[in-house]
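*Asks:* Structure file target_22.cif, mmCIF, C-alpha atoms, is pasted below:
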data_model
#
loop_
_atom_site.group_PDB
_atom_site.id
_atom_site.type_symbol
_atom_site.label_atom_id
_atom_site.label_comp_id
_atom_site.auth_asym_id
_atom_site.auth_seq_id
_atom_site.Cartn_x
_atom_site.Cartn_y
_atom_site.Cartn_z
ATOM 1 C CA MET P 1 5.207 20.916 3.970
ATOM 2 C CA ASP P 2 8.164 20.410 6.294
ATOM 3 C CA PHE P 3 9.789 16.960 6.030
ATOM 4 C CA TYR P 4 8.967 16.014 9.610
ATOM 5 C CA ASP P 5 5.391 17.210 9.142
ATOM 6 C CA VAL P 6 5.117 14.819 6.192
ATOM 7 C CA ILE P 7 6.425 11.967 8.346
ATOM 8 C CA ASN P 8 3.968 12.765 11.133
ATOM 9 C CA GLU P 9 0.983 13.257 8.793
ATOM 10 C CA ARG P 10 1.561 10.093 6.739
ATOM 11 C CA HIS P 11 -1.031 7.468 7.633
ATOM 12 C CA MET P 12 -3.295 4.940 5.939
ATOM 13 C CA VAL P 13 -6.650 6.239 4.668
ATOM 14 C CA ARG P 14 -9.590 4.041 3.681
ATOM 15 C CA GLU P 15 -12.313 6.591 2.875
ATOM 16 C CA TRP P 16 -12.115 9.175 0.086
ATOM 17 C CA LYS P 17 -13.596 12.325 -1.377
ATOM 18 C CA SER P 18 -14.988 11.934 -4.892
ATOM 19 C CA GLU P 19 -12.497 14.589 -6.038
ATOM 20 C CA ASP P 20 -10.114 13.444 -8.778
ATOM 21 C CA ILE P 21 -6.369 14.097 -8.913
ATOM 22 C CA SER P 22 -4.411 15.181 -11.960
ATOM 23 C CA THR P 23 -2.214 12.869 -13.983
ATOM 24 C CA GLU P 24 0.660 15.311 -13.483
ATOM 25 C CA VAL P 25 0.436 14.994 -9.689
ATOM 26 C CA LEU P 26 0.196 11.216 -9.945
ATOM 27 C CA LYS P 27 3.289 11.086 -12.150
ATOM 28 C CA ARG P 28 5.174 13.309 -9.725
ATOM 29 C CA ILE P 29 4.302 10.974 -6.847
ATOM 30 C CA LEU P 30 5.385 7.864 -8.775
ATOM 31 C CA ALA P 31 8.580 9.581 -9.925
ATOM 32 C CA THR P 32 9.390 9.988 -6.238
ATOM 33 C CA GLY P 33 8.838 6.257 -5.831
ATOM 34 C CA LEU P 34 11.477 5.670 -8.500
ATOM 35 C CA LYS P 35 14.002 7.643 -6.418
ATOM 36 C CA ALA P 36 14.023 4.863 -3.815
ATOM 37 C CA PRO P 37 17.246 2.920 -3.200
ATOM 38 C CA THR P 38 17.647 -0.210 -5.277
ATOM 39 C CA HIS P 39 20.041 -3.083 -4.713
ATOM 40 C CA ASP P 40 20.865 -3.674 -8.396
ATOM 41 C CA HIS P 41 20.943 -0.031 -9.620
ATOM 42 C CA ARG P 42 18.564 -1.018 -12.430
ATOM 43 C CA ARG P 43 15.298 -0.022 -10.823
ATOM 44 C CA ASN P 44 13.460 -3.052 -12.161
ATOM 45 C CA TRP P 45 10.098 -1.637 -11.133
ATOM 46 C CA GLU P 46 6.923 -1.153 -13.158
ATOM 47 C CA PHE P 47 3.504 0.314 -12.317
ATOM 48 C CA ILE P 48 0.019 -0.477 -13.575
ATOM 49 C CA ILE P 49 -2.351 2.438 -12.989
ATOM 50 C CA LEU P 50 -6.089 1.806 -12.655
ATOM 51 C CA HIS P 51 -8.471 4.749 -12.955
ATOM 52 C CA SER P 52 -11.798 3.749 -14.484
ATOM 53 C CA GLN P 53 -14.263 1.709 -12.468
ATOM 54 C CA GLN P 54 -14.084 -1.044 -15.091
ATOM 55 C CA GLU P 55 -10.311 -1.262 -14.753
ATOM 56 C CA LYS P 56 -10.523 -1.375 -10.980
ATOM 57 C CA GLU P 57 -13.304 -3.963 -10.913
ATOM 58 C CA ALA P 58 -11.306 -6.366 -13.097
ATOM 59 C CA ALA P 59 -8.206 -6.193 -10.894
ATOM 60 C CA LEU P 60 -9.988 -5.939 -7.538
ATOM 61 C CA GLN P 61 -12.416 -8.834 -7.936
ATOM 62 C CA PHE P 62 -10.216 -11.073 -5.784
ATOM 63 C CA ALA P 63 -9.866 -8.469 -3.020
ATOM 64 C CA LYS P 64 -13.646 -7.991 -3.158
ATOM 65 C CA ALA P 65 -14.331 -11.675 -2.537
ATOM 66 C CA TRP P 66 -11.901 -11.683 0.388
ATOM 67 C CA SER P 67 -13.411 -8.526 1.934
ATOM 68 C CA VAL P 68 -16.919 -10.005 1.833
ATOM 69 C CA SER P 69 -15.699 -13.063 3.699
ATOM 70 C CA GLN P 70 -14.130 -10.826 6.346
ATOM 71 C CA GLU P 71 -17.358 -8.902 6.838
ATOM 72 C CA GLU P 72 -19.312 -12.112 7.273
ATOM 73 C CA GLN P 73 -16.823 -13.669 9.672
ATOM 74 C CA LYS P 74 -15.830 -10.576 11.648
ATOM 75 C CA GLU P 75 -15.962 -11.336 15.376
ATOM 76 C CA VAL P 76 -13.463 -8.793 16.712
ATOM 77 C CA SER P 77 -14.924 -6.066 18.920
ATOM 78 C CA ALA P 78 -14.486 -2.458 17.821
ATOM 79 C CA LEU P 79 -13.974 -1.699 21.521
ATOM 80 C CA GLY P 80 -11.024 -4.065 21.945
ATOM 81 C CA THR P 81 -7.280 -3.468 21.886
ATOM 82 C CA ILE P 82 -5.648 -1.112 19.373
ATOM 83 C CA PRO P 83 -4.829 -3.986 16.957
ATOM 84 C CA GLN P 84 -8.368 -5.364 17.336
ATOM 85 C CA ARG P 85 -9.921 -1.971 16.597
ATOM 86 C CA MET P 86 -7.711 -1.606 13.536
ATOM 87 C CA TYR P 87 -8.750 -5.050 12.323
ATOM 88 C CA ALA P 88 -12.444 -4.387 12.905
ATOM 89 C CA TYR P 89 -12.252 -1.171 10.869
ATOM 90 C CA ALA P 90 -9.742 -2.069 8.168
ATOM 91 C CA MET P 91 -10.365 -5.656 7.138
ATOM 92 C CA PRO P 92 -13.898 -5.270 5.722
ATOM 93 C CA ARG P 93 -12.658 -2.214 3.744
ATOM 94 C CA GLN P 94 -9.881 -4.024 1.886
ATOM 95 C CA TYR P 95 -11.939 -3.755 -1.308
ATOM 96 C CA SER P 96 -13.796 -0.460 -0.859
ATOM 97 C CA MET P 97 -10.666 1.488 0.149
ATOM 98 C CA LEU P 98 -9.263 0.686 -3.298
ATOM 99 C CA ALA P 99 -12.411 0.641 -5.425
ATOM 100 C CA THR P 100 -13.420 4.151 -4.313
ATOM 101 C CA ALA P 101 -9.934 5.691 -4.564
ATOM 102 C CA PRO P 102 -9.463 7.888 -7.663
ATOM 103 C CA TYR P 103 -6.387 5.879 -8.643
ATOM 104 C CA VAL P 104 -5.101 2.440 -7.786
ATOM 105 C CA VAL P 105 -1.400 1.916 -8.455
ATOM 106 C CA ILE P 106 -0.057 -1.631 -8.545
ATOM 107 C CA PRO P 107 3.742 -1.778 -8.348
ATOM 108 C CA PHE P 108 5.764 -4.745 -9.600
ATOM 109 C CA PHE P 109 9.361 -5.715 -9.045
ATOM 110 C CA LYS P 110 11.548 -8.111 -10.961
ATOM 111 C CA GLY P 111 12.830 -10.921 -8.770
ATOM 112 C CA ALA P 112 12.031 -14.136 -7.019
ATOM 113 C CA GLY P 113 10.038 -12.588 -4.192
ATOM 114 C CA ILE P 114 10.242 -13.512 -0.537
ATOM 115 C CA LEU P 115 9.461 -17.209 -1.043
ATOM 116 C CA GLY P 116 12.342 -17.641 -3.475
ATOM 117 C CA ALA P 117 14.943 -16.191 -1.112
ATOM 118 C CA ARG P 118 17.342 -18.489 0.741
ATOM 119 C CA THR P 119 19.389 -15.782 2.464
ATOM 120 C CA VAL P 120 18.819 -12.230 3.668
ATOM 121 C CA ASN P 121 20.737 -11.037 0.610
ATOM 122 C CA GLY P 122 18.136 -12.781 -1.520
ATOM 123 C CA LEU P 123 15.498 -10.419 -0.142
ATOM 124 C CA ASN P 124 17.112 -7.327 -1.688
ATOM 125 C CA SER P 125 14.632 -6.935 -4.547
ATOM 126 C CA PHE P 126 11.745 -7.509 -2.121
ATOM 127 C CA ALA P 127 13.119 -4.922 0.308
ATOM 128 C CA SER P 128 13.643 -2.319 -2.412
ATOM 129 C CA ILE P 129 10.011 -2.302 -3.555
ATOM 130 C CA TRP P 130 8.891 -1.372 -0.025
ATOM 131 C CA CYS P 131 11.224 1.621 -0.173
ATOM 132 C CA VAL P 132 9.399 2.556 -3.396
ATOM 133 C CA ALA P 133 6.026 2.195 -1.650
ATOM 134 C CA GLU P 134 7.097 4.336 1.302
ATOM 135 C CA ASN P 135 8.359 7.080 -1.017
ATOM 136 C CA ILE P 136 4.955 7.032 -2.729
ATOM 137 C CA PHE P 137 3.179 7.364 0.631
ATOM 138 C CA LEU P 138 5.383 10.284 1.667
ATOM 139 C CA ALA P 139 5.073 12.079 -1.680
ATOM 140 C CA ALA P 140 1.286 11.691 -1.634
ATOM 141 C CA THR P 141 1.203 13.171 1.878
ATOM 142 C CA ALA P 142 3.334 16.120 0.738
ATOM 143 C CA GLU P 143 0.779 16.718 -2.049
ATOM 144 C CA GLY P 144 -2.078 16.852 0.470
ATOM 145 C CA LEU P 145 -3.250 13.378 -0.570
ATOM 146 C CA ALA P 146 -3.191 9.991 1.139
ATOM 147 C CA CYS P 147 -2.819 6.301 0.348
ATOM 148 C CA SER P 148 -4.360 2.990 1.233
ATOM 149 C CA MET P 149 -2.527 -0.306 0.848
ATOM 150 C CA ARG P 150 -3.500 -3.950 0.516
ATOM 151 C CA ILE P 151 -1.069 -6.877 0.401
ATOM 152 C CA PRO P 152 -2.501 -9.735 -1.705
ATOM 153 C CA VAL P 153 -3.355 -12.956 0.104
ATOM 154 C CA GLY P 154 -2.513 -16.481 -1.116
ATOM 155 C CA GLU P 155 -2.754 -16.742 -4.913
ATOM 156 C CA GLU P 156 -4.403 -13.333 -5.225
ATOM 157 C CA GLY P 157 -1.293 -11.611 -6.583
ATOM 158 C CA LYS P 158 -0.836 -14.201 -9.325
ATOM 159 C CA GLN P 159 -4.529 -13.965 -10.222
ATOM 160 C CA VAL P 160 -4.347 -10.188 -10.544
ATOM 161 C CA MET P 161 -1.174 -10.419 -12.618
ATOM 162 C CA SER P 162 -2.872 -12.880 -14.973
ATOM 163 C CA VAL P 163 -5.858 -10.546 -15.445
ATOM 164 C CA LEU P 164 -3.567 -7.590 -16.096
ATOM 165 C CA GLY P 165 -1.194 -9.410 -18.462
ATOM 166 C CA VAL P 166 1.936 -8.953 -16.349
ATOM 167 C CA PRO P 167 4.902 -10.831 -17.895
ATOM 168 C CA GLU P 168 6.708 -13.673 -16.154
ATOM 169 C CA GLY P 169 9.506 -12.740 -13.785
ATOM 170 C CA TYR P 170 7.660 -9.971 -11.932
ATOM 171 C CA VAL P 171 6.100 -10.019 -8.475
ATOM 172 C CA MET P 172 3.148 -7.963 -7.197
ATOM 173 C CA PRO P 173 3.753 -6.849 -3.586
ATOM 174 C CA CYS P 174 0.636 -4.731 -2.996
ATOM 175 C CA TYR P 175 -2.087 -2.429 -4.276
ATOM 176 C CA ILE P 176 -1.891 1.292 -3.430
ATOM 177 C CA GLY P 177 -4.960 3.541 -3.516
ATOM 178 C CA ILE P 178 -4.272 7.281 -3.916
ATOM 179 C CA GLY P 179 -6.675 10.178 -3.457
ATOM 180 C CA HIS P 180 -8.026 12.974 -1.270
ATOM 181 C CA PRO P 181 -8.968 11.625 2.166
ATOM 182 C CA ALA P 182 -12.594 12.104 3.184
ATOM 183 C CA GLU P 183 -13.165 14.916 5.688
ATOM 184 C CA ASN P 184 -14.419 12.485 8.324
ATOM 185 C CA ALA P 185 -12.052 9.617 7.490
ATOM 186 C CA PRO P 186 -11.026 8.133 10.861
ATOM 187 C CA VAL P 187 -7.372 7.937 11.804
ATOM 188 C CA VAL P 188 -6.879 4.510 13.355
ATOM 189 C CA ALA P 189 -4.919 4.673 16.617
ATOM 190 C CA GLN P 190 -1.356 3.396 16.635
ATOM 191 C CA VAL P 191 0.662 1.959 19.483
ATOM 192 C CA GLU P 192 3.033 4.739 20.545
ATOM 193 C CA LYS P 193 6.648 3.772 21.227
ATOM 194 C CA PRO P 194 9.034 6.481 22.487
ATOM 195 C CA VAL P 195 12.365 6.396 20.693
ATOM 196 C CA ASP P 196 14.297 6.183 23.971
ATOM 197 C CA ARG P 197 12.768 2.755 24.570
ATOM 198 C CA THR P 198 14.265 1.438 21.322
ATOM 199 C CA LEU P 199 17.865 2.585 21.618
ATOM 200 C CA HIS P 200 20.696 0.225 22.612
ATOM 201 C CA PHE P 201 24.085 1.952 22.523
ATOM 202 C CA GLY P 202 27.047 -0.368 22.131
ATOM 203 C CA LYS P 203 25.062 -3.546 22.722
ATOM 204 C CA TRP P 204 21.553 -4.715 23.636
#
Would it be possible to restate this file's structure as structure tokens?

*Replies:*
Amino acid sequence: MDFYDVINERHMVREWKSEDISTEVLKRILATGLKAPTHDHRRNWEFIILHSQQEKEAALQFAKAWSVSQEEQKEVSALGTIPQRMYAYAMPRQYSMLATAPYVVIPFFKGAGILGARTVNGLNSFASIWCVAENIFLAATAEGLACSMRIPVGEEGKQVMSVLGVPEGYVMPCYIGIGHPAENAPVVAQVEKPVDRTLHFGKW
């Protein structure tokens, strides 16, 4: 697939085929994640890979509780603005889009995280892990697959790390589901912004 085709095809998916993916393909995707730029040249990144339903249930129990609360409290119209439509579709699926994915990858980075940063420079380790995540999304797209992503809320990340036995000093930025998108999986509309409206040559 052409590079620009990958960029244009890359989007979040929340519904999956039951088809599995091979470990070799998964490793190739994650190896691409490890090619991301890193501020300390050490690539202090680790991945926990969840495949069985039992593994996923243990780690996703906190996302499940949150998703149920969203379904019960959802008041946003599916006929509203683009952000409202996205919310109405995506929020109640924060658990199912991971639980039904063939693989859930949880990345970790070593560092203080965003709350421990006092300057922009202090966000370097936090910024690097999102480069890793984007590489994973692009590599999955190039393989004909797709990803979903959830960012943990409140103490959720720490709770998941405790369940999974993650050592001190690491931070969990997100969960990433990987699999074959369902044939009828909707593509949620995005706000289009032409590049010419973003360019400021010389000064704003």

*Asks:* Could you check the closest approach to Ile176 in chain P for each of P:Ser162, P:Gln94, P:Gln190, P:Thr198 and tell me which residue wins, using only C-alpha atoms?

*Replies:*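 Closest candidate: P:Gln94.
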
*Asks:* Which residues, written as a list in words, have at least one atom at most 8 Å from Ala101 in chain P, with only C-alpha atoms counted and residues fewer than 5 positions away on the same chain left out?

*Replies:*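 Using only C-alpha atoms, the neighbours found are Glu15, Trp16, Gly177, Ile178 and Gly179 of chain P.
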
*Asks:* Expanded to explicit residues, what is the PyMOL selection byres ((chain P and resi 180) around 12) for this file, as a PyMOL selection string?

*Replies:* chain P and resi 12-22+97+100-103+140-148+177-179+181-185

*Asks:* The selected residues should be written to file as a CSV table (one decimal), in the coordinates of the input (atoms: C-alpha atoms).

*Replies:*
chain,number,residue,atom,x,y,z
P,12,MET,CA,-3.3,4.9,5.9
P,13,VAL,CA,-6.6,6.2,4.7
P,14,ARG,CA,-9.6,4.0,3.7
P,15,GLU,CA,-12.3,6.6,2.9
P,16,TRP,CA,-12.1,9.2,0.1
P,17,LYS,CA,-13.6,12.3,-1.4
P,18,SER,CA,-15.0,11.9,-4.9
P,19,GLU,CA,-12.5,14.6,-6.0
P,20,ASP,CA,-10.1,13.4,-8.8
P,21,ILE,CA,-6.4,14.1,-8.9
P,22,SER,CA,-4.4,15.2,-12.0
P,97,MET,CA,-10.7,1.5,0.1
P,100,THR,CA,-13.4,4.2,-4.3
P,101,ALA,CA,-9.9,5.7,-4.6
P,102,PRO,CA,-9.5,7.9,-7.7
P,103,TYR,CA,-6.4,5.9,-8.6
P,140,ALA,CA,1.3,11.7,-1.6
P,141,THR,CA,1.2,13.2,1.9
P,142,ALA,CA,3.3,16.1,0.7
P,143,GLU,CA,0.8,16.7,-2.0
P,144,GLY,CA,-2.1,16.9,0.5
P,145,LEU,CA,-3.2,13.4,-0.6
P,146,ALA,CA,-3.2,10.0,1.1
P,147,CYS,CA,-2.8,6.3,0.3
P,148,SER,CA,-4.4,3.0,1.2
P,177,GLY,CA,-5.0,3.5,-3.5
P,178,ILE,CA,-4.3,7.3,-3.9
P,179,GLY,CA,-6.7,10.2,-3.5
P,181,PRO,CA,-9.0,11.6,2.2
P,182,ALA,CA,-12.6,12.1,3.2
P,183,GLU,CA,-13.2,14.9,5.7
P,184,ASN,CA,-14.4,12.5,8.3
P,185,ALA,CA,-12.1,9.6,7.5

*Asks:* Point out the residue among P:Ala63, P:Ala99, P:Lys193, P:Cys131 with the least atom-to-atom distance to Arg150 in chain P, counting only C-alpha atoms.

*Replies:* P:Ala63

*Asks:* Quick one: which residues end up in the PyMOL selection byres ((chain P and resi 160) around 10) for this structure, as a VMD selection string?

*Replies:* chain P and resid 58 to 63 106 152 155 to 159 161 to 166 172

*Asks:* For the point (-6.8, 0.2, 13.2) in the file's frame, write as a ChimeraX atom specification all residues with an atom no more than 10 Å away, counting only C-alpha atoms.

*Replies:* /P:12,78,81-91,186-191

*Asks:* Suppose you want the space between CA of Ala36 in chain P and CA of Asn135 in chain P; what is it in Å?

*Replies:*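 Pair CA of Ala36 in chain P / CA of Asn135 in chain P returns 6.7 Å.
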
*Asks:* With all atoms listed in the file as the atoms that count, which of P:Ile136, P:Tyr175, P:Pro167, P:Val120 lies nearest to Ile49 in chain P?

*Replies:*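 Among P:Ile136, P:Tyr175, P:Pro167, P:Val120, it is P:Tyr175 that comes nearest to Ile49 in chain P.
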
*Asks:* How big is the axis-aligned box, and where does its centre sit, when it encloses all atoms of range 141-158 of chain P listed in the file and has 8 Å added on every side, reported in Å to one decimal as AutoDock Vina command-line options?

*Replies:*
--center_x -0.5 --center_y 0.1 --center_z -3.7 --size_x 23.7 --size_y 49.6 --size_z 27.2

*Asks:* With only C-alpha atoms as the atoms that count, which of P:Met149, P:Gln54, P:Ala65, P:Gly80 lies nearest to Leu98 in chain P?

*Replies:*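 Nearest candidate to Leu98 in chain P out of P:Met149, P:Gln54, P:Ala65, P:Gly80: P:Met149.
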
*Asks:* Just the residues within 12 Å of Val132 in chain P, please, counting all atoms listed in the file, with nothing from its chain fewer than 3 positions along; format it as a PyMOL selection string.

*Replies:* chain P and resi 29-38+43-47+105-109+125-129+135-139+173-174+176

*Asks:* Figure out the distance between CA of Val6 in chain P and CA of Arg28 in chain P, please, to one decimal in Å.

*Replies:*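 The value is 16.0 Å.
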
*Asks:* So what do you get for CA of Arg10 in chain P versus CA of Glu192 in chain P, distance-wise?

*Replies:* 14.9 Å

*Asks:* Identify which of the residues P:Pro92, P:His51, P:Phe201, P:Met1 lies closest to Lys64 in chain P, counting all atoms listed in the file when measuring atom-to-atom distances.

*Replies:*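 Looking at the shortest contact to Lys64 in chain P, the residue is P:Pro92.
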
*Asks:* Hey, which of P:Ser96, P:Asp196, P:Gly154, P:Thr119 ends up closest to Gln53 in chain P? Count all atoms listed in the file.

*Replies:*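 Selected residue with least distance to Gln53 in chain P: P:Ser96.
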
*Asks:* Can you spell out as a list in words the set of residues that the PyMOL selection byres ((chain P and resi 170) around 6) selects in the structure I just provided?

*Replies:*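 Evaluating the PyMOL selection byres ((chain P and resi 170) around 6) on this file yields Phe109, Lys110, Glu168, Gly169 and Val171 of chain P.
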
*Asks:* For the selection just defined, write its residues with C-alpha atoms to a file, as a short mmCIF file (atom, residue, chain, number, x, y, z; two decimals), keeping the file's coordinate frame.

*Replies:*
data_model
loop_
_atom_site.label_atom_id
_atom_site.label_comp_id
_atom_site.auth_asym_id
_atom_site.auth_seq_id
_atom_site.Cartn_x
_atom_site.Cartn_y
_atom_site.Cartn_z
CA PHE P 109 9.36 -5.72 -9.04
CA LYS P 110 11.55 -8.11 -10.96
CA GLU P 168 6.71 -13.67 -16.15
CA GLY P 169 9.51 -12.74 -13.78
CA VAL P 171 6.10 -10.02 -8.48
#
